[in-house]
Amino acid sequence: MSGYIVTGGAGFIGSMLVRRLLREGVGKITVIDNMLTGHEENLAEVRDGVDLHRVDICDYDAIAPLVRGAGTVFHLAAIPSVPRSIREPVPSHEVNADGTFNVFRACSEGGVGRVVYAASSSAYGDTEVLPKVETMAPRPKSPYAVQKLLGEYYASVFYSCFNLDTVCLRFFNVYGPRQDPTSPYSGVISIFMRSVVERTTPTIHGDGEQSRDFTYVEDVVELCLKASRAKGVAGKMYNAGNGNRYTLNQVWSTLTRIEGVDIPPKYGPPREGDVRDSQADTTAAVRDLGHAPRFSLEEGLRRTLAWYREHGH
Ligand code: UD1
């Protein structure tokens, strides 16, 4: 067993985190992934550095021996997607809520040094004020948002009641290479990437003026690492965003400009459970964790597009 464990390590963000950890030379990384949305291919060229366990976080007895004694557990395994949690609330709850409880319990009983938990910006819901700051009252609008928020509360209580060192990072619409565009529940940028590469028309839900703090995956991964090592942050929660916000119309027009094509999008009805605007206040993460996002939206889109072109999605 290694000192570092990544649940969801075969997923899009997890596999990037595994690569980042391997570059630190910290030894083999233990990955726990049930391969529901993860793919072994995501770990292709780093496979030798990974101890991969095809295990579901819903199976407490399977994960407990894997995490026992680990230095750091990054808990990223989840069934993502707001609409998926509305259409299929049971599996989404089982994994995101019960599975997360299992991970914290196993880490607590197994004497893990620190757990970094991938929380979600969806916990804020619609707020009157932007950017969104950690002290705001949460207003979840979907089962997914409730489940991720519950994970934060458990992280905080596992710290206060059981002395498990936890840090929560609220991820803000992470995008980048290896994000799977093939599901109806895929993140919007991965869907846009596929459309632009295949020259097909994307559907925008609503008027396209909803905005997001799109955050490039490498910036999030860097912050995960910083959160795993920062002092005096146990039991706390931080925004893990870029600090900017762009509308879907802006993202599509930037992407088509980079690609040099002119494809007007189609507009459909707004999506249930959708938040209108999202933008992170990064002050606390900068101050306490040394957060320093490096990628502008345009730079992140260019890098992501280069990957999708090469990998032919
Ligand atoms: C939410 C969270 C995000 C989390 C993600 C997990 C918020 C603000 N963000 O993302 O932190 O990581 O869940 O899944 O709650 N859209 C289209 N056309 C498409 C697909 C999507 O217009 O083909 C629109 C959606 O209606 C939405 C926006 O794009 O307005 C972003 O959607 P998506 O990428 O699914 O992420 P969120 O639900 O915002």
# chains A, B, ... in the order shown; residues from 1 in each chain; ligands from 1
$ residues_around --residues "A:Asp262" --least-positions-apart "3" --cutoff "12 Å" --atoms "only C-alpha atoms" --output "PyMOL selection string"
chain A and resi 195-196+199-201+252-259+265
$ write_last_selection --atoms "N, CA, C and O atoms" --output "JSON list (two decimals), in the first residue's frame"
[["chain", "number", "residue", "atom", "x", "y", "z"],
["A", 195, "SER", "N", -18.19, 18.52, -30.22],
["A", 195, "SER", "CA", -18.93, 19.20, -31.30],
["A", 195, "SER", "C", -17.98, 19.96, -32.21],
["A", 195, "SER", "O", -18.11, 19.89, -33.43],
["A", 196, "VAL", "N", -17.06, 20.69, -31.62],
["A", 196, "VAL", "CA", -16.20, 21.52, -32.46],
["A", 196, "VAL", "C", -15.26, 20.65, -33.30],
["A", 196, "VAL", "O", -15.01, 20.94, -34.48],
["A", 199, "ARG", "N", -17.45, 19.00, -35.87],
["A", 199, "ARG", "CA", -18.23, 19.99, -36.66],
["A", 199, "ARG", "C", -19.73, 19.74, -36.56],
["A", 199, "ARG", "O", -20.46, 19.77, -37.55],
["A", 200, "THR", "N", -20.20, 19.43, -35.36],
["A", 200, "THR", "CA", -21.64, 19.26, -35.16],
["A", 200, "THR", "C", -22.16, 20.41, -34.28],
["A", 200, "THR", "O", -21.38, 21.11, -33.63],
["A", 201, "THR", "N", -23.46, 20.55, -34.29],
["A", 201, "THR", "CA", -24.09, 21.68, -33.58],
["A", 201, "THR", "C", -24.38, 21.28, -32.13],
["A", 201, "THR", "O", -25.10, 20.32, -31.89],
["A", 252, "TRP", "N", -18.57, 28.93, -26.11],
["A", 252, "TRP", "CA", -18.72, 28.38, -27.46],
["A", 252, "TRP", "C", -18.08, 29.31, -28.48],
["A", 252, "TRP", "O", -17.39, 28.86, -29.39],
["A", 253, "SER", "N", -18.26, 30.62, -28.32],
["A", 253, "SER", "CA", -17.69, 31.51, -29.33],
["A", 253, "SER", "C", -16.16, 31.52, -29.24],
["A", 253, "SER", "O", -15.48, 31.57, -30.27],
["A", 254, "THR", "N", -15.61, 31.40, -28.04],
["A", 254, "THR", "CA", -14.14, 31.34, -27.92],
["A", 254, "THR", "C", -13.61, 30.07, -28.58],
["A", 254, "THR", "O", -12.63, 30.10, -29.34],
["A", 255, "LEU", "N", -14.29, 28.99, -28.33],
["A", 255, "LEU", "CA", -13.84, 27.70, -28.86],
["A", 255, "LEU", "C", -13.92, 27.66, -30.40],
["A", 255, "LEU", "O", -12.98, 27.19, -31.06],
["A", 256, "THR", "N", -14.99, 28.18, -30.95],
["A", 256, "THR", "CA", -15.12, 28.17, -32.42],
["A", 256, "THR", "C", -14.11, 29.14, -33.04],
["A", 256, "THR", "O", -13.58, 28.89, -34.11],
["A", 257, "ARG", "N", -13.82, 30.23, -32.35],
["A", 257, "ARG", "CA", -12.79, 31.16, -32.85],
["A", 257, "ARG", "C", -11.43, 30.47, -32.87],
["A", 257, "ARG", "O", -10.69, 30.53, -33.85],
["A", 258, "ILE", "N", -11.09, 29.77, -31.77],
["A", 258, "ILE", "CA", -9.79, 29.07, -31.71],
["A", 258, "ILE", "C", -9.71, 28.06, -32.86],
["A", 258, "ILE", "O", -8.68, 27.93, -33.53],
["A", 259, "GLU", "N", -10.80, 27.36, -33.10],
["A", 259, "GLU", "CA", -10.80, 26.31, -34.12],
["A", 259, "GLU", "C", -10.95, 26.89, -35.54],
["A", 259, "GLU", "O", -10.69, 26.20, -36.53],
["A", 265, "PRO", "N", -24.86, 27.61, -32.30],
["A", 265, "PRO", "CA", -25.44, 26.55, -31.46],
["A", 265, "PRO", "C", -26.95, 26.53, -31.57],
["A", 265, "PRO", "O", -27.56, 27.51, -31.98]]
$ residues_near_ligand --ligand "ligand 1" --cutoff "7 Å" --atoms "only C-alpha atoms and all ligand atoms" --output "JSON, numbers by chain"
{"A": [80, 81, 82, 120, 121, 122, 125, 171, 172, 173, 174, 185, 186, 187, 188, 189, 191, 202, 203, 204, 205, 206, 208, 210, 212, 248, 270, 271, 274, 275, 276, 277, 278]}
$ write_last_selection --atoms "N, CA and C atoms" --output "compact mmCIF listing (two decimals), in the first residue's frame"
# COMPACT_ATOMS: atom_id res chain seq x y z
N PRO A 80 -20.91 11.94 -10.77
CA PRO A 80 -21.13 13.37 -10.95
C PRO A 80 -22.43 13.63 -11.73
N SER A 81 -22.74 14.87 -11.89
CA SER A 81 -23.85 15.35 -12.73
C SER A 81 -25.12 15.67 -11.95
N VAL A 82 -25.52 16.90 -12.09
CA VAL A 82 -26.77 17.39 -11.51
C VAL A 82 -27.98 16.68 -12.15
N SER A 120 -18.38 20.26 -3.94
CA SER A 120 -18.85 20.86 -5.19
C SER A 120 -19.43 22.24 -5.00
N SER A 121 -19.16 23.09 -5.98
CA SER A 121 -19.72 24.44 -6.00
C SER A 121 -21.24 24.43 -6.07
N SER A 122 -21.81 23.27 -6.47
CA SER A 122 -23.27 23.19 -6.58
C SER A 122 -23.93 23.42 -5.22
N GLY A 125 -25.90 26.72 -4.78
CA GLY A 125 -27.15 27.00 -5.46
C GLY A 125 -27.15 28.41 -6.03
N PHE A 171 -15.02 22.06 -5.80
CA PHE A 171 -14.61 22.17 -7.20
C PHE A 171 -15.64 23.00 -7.97
N PHE A 172 -15.14 23.84 -8.87
CA PHE A 172 -16.01 24.67 -9.72
C PHE A 172 -15.84 24.24 -11.18
N ASN A 173 -16.78 23.53 -11.71
CA ASN A 173 -16.82 23.16 -13.14
C ASN A 173 -15.45 22.91 -13.75
N VAL A 174 -14.89 21.80 -13.37
CA VAL A 174 -13.55 21.43 -13.82
C VAL A 174 -13.62 20.89 -15.26
N TYR A 185 -24.71 13.01 -19.64
CA TYR A 185 -24.45 13.74 -18.39
C TYR A 185 -23.04 14.35 -18.38
N SER A 186 -22.36 14.30 -19.50
CA SER A 186 -20.98 14.81 -19.54
C SER A 186 -20.95 16.31 -19.29
N GLY A 187 -19.81 16.77 -18.78
CA GLY A 187 -19.61 18.20 -18.56
C GLY A 187 -19.69 18.97 -19.87
N VAL A 188 -20.21 20.19 -19.81
CA VAL A 188 -20.53 20.92 -21.04
C VAL A 188 -19.29 21.17 -21.90
N ILE A 189 -18.14 21.42 -21.30
CA ILE A 189 -16.98 21.72 -22.15
C ILE A 189 -16.54 20.48 -22.93
N ILE A 191 -18.52 18.22 -24.04
CA ILE A 191 -19.51 18.11 -25.13
C ILE A 191 -19.20 19.14 -26.23
N PRO A 202 -23.85 22.02 -31.16
CA PRO A 202 -24.18 21.68 -29.76
C PRO A 202 -25.54 22.26 -29.38
N THR A 203 -26.15 21.65 -28.36
CA THR A 203 -27.39 22.22 -27.83
C THR A 203 -27.08 22.91 -26.52
N ILE A 204 -27.47 24.17 -26.45
CA ILE A 204 -27.31 24.92 -25.20
C ILE A 204 -28.66 24.92 -24.49
N HIS A 205 -28.65 24.52 -23.23
CA HIS A 205 -29.89 24.49 -22.44
C HIS A 205 -30.19 25.90 -21.92
N GLY A 206 -31.28 26.48 -22.40
CA GLY A 206 -31.61 27.85 -21.98
C GLY A 206 -31.01 28.84 -22.96
N GLY A 208 -28.10 30.37 -22.79
CA GLY A 208 -26.63 30.37 -22.90
C GLY A 208 -25.98 31.49 -22.12
N GLN A 210 -26.24 31.67 -18.84
CA GLN A 210 -25.80 31.19 -17.53
C GLN A 210 -24.28 31.14 -17.54
N ARG A 212 -20.39 30.14 -15.58
CA ARG A 212 -19.67 29.20 -14.71
C ARG A 212 -18.23 29.66 -14.52
N LEU A 248 -21.99 30.37 -21.24
CA LEU A 248 -21.83 29.29 -22.23
C LEU A 248 -21.67 29.87 -23.62
N PRO A 270 -34.31 25.26 -20.71
CA PRO A 270 -33.36 25.23 -19.59
C PRO A 270 -33.39 23.89 -18.86
N ARG A 271 -32.29 23.54 -18.23
CA ARG A 271 -32.18 22.23 -17.56
C ARG A 271 -32.63 22.33 -16.10
N ASP A 274 -30.58 23.42 -12.66
CA ASP A 274 -29.43 24.23 -13.06
C ASP A 274 -29.28 25.47 -12.19
N VAL A 275 -28.05 25.77 -11.85
CA VAL A 275 -27.73 27.03 -11.18
C VAL A 275 -27.52 28.07 -12.27
N ARG A 276 -27.88 29.32 -12.00
CA ARG A 276 -27.75 30.34 -13.05
C ARG A 276 -26.29 30.82 -13.20
N ASP A 277 -25.72 31.26 -12.11
CA ASP A 277 -24.36 31.81 -12.20
C ASP A 277 -23.47 31.21 -11.12
N SER A 278 -22.21 31.04 -11.45
CA SER A 278 -21.28 30.46 -10.49
C SER A 278 -19.90 31.08 -10.66
$ select_by_dssp --residues "stretch 72-162 of chain A" --states "alpha helix (DSSP H)" --output "ChimeraX atom specification"
/A:82-87,89-93,100-109,143-162
$ closest_residue --among "A:Leu169, A:Cys224, A:Val133, A:Met193" --to "A:Gln279" --atoms "only C-alpha atoms"
A:Val133
$ atom_distance --atom1 "atom CA of A:Gly71" --atom2 "atom CA of A:Ile57"
18.5 Å
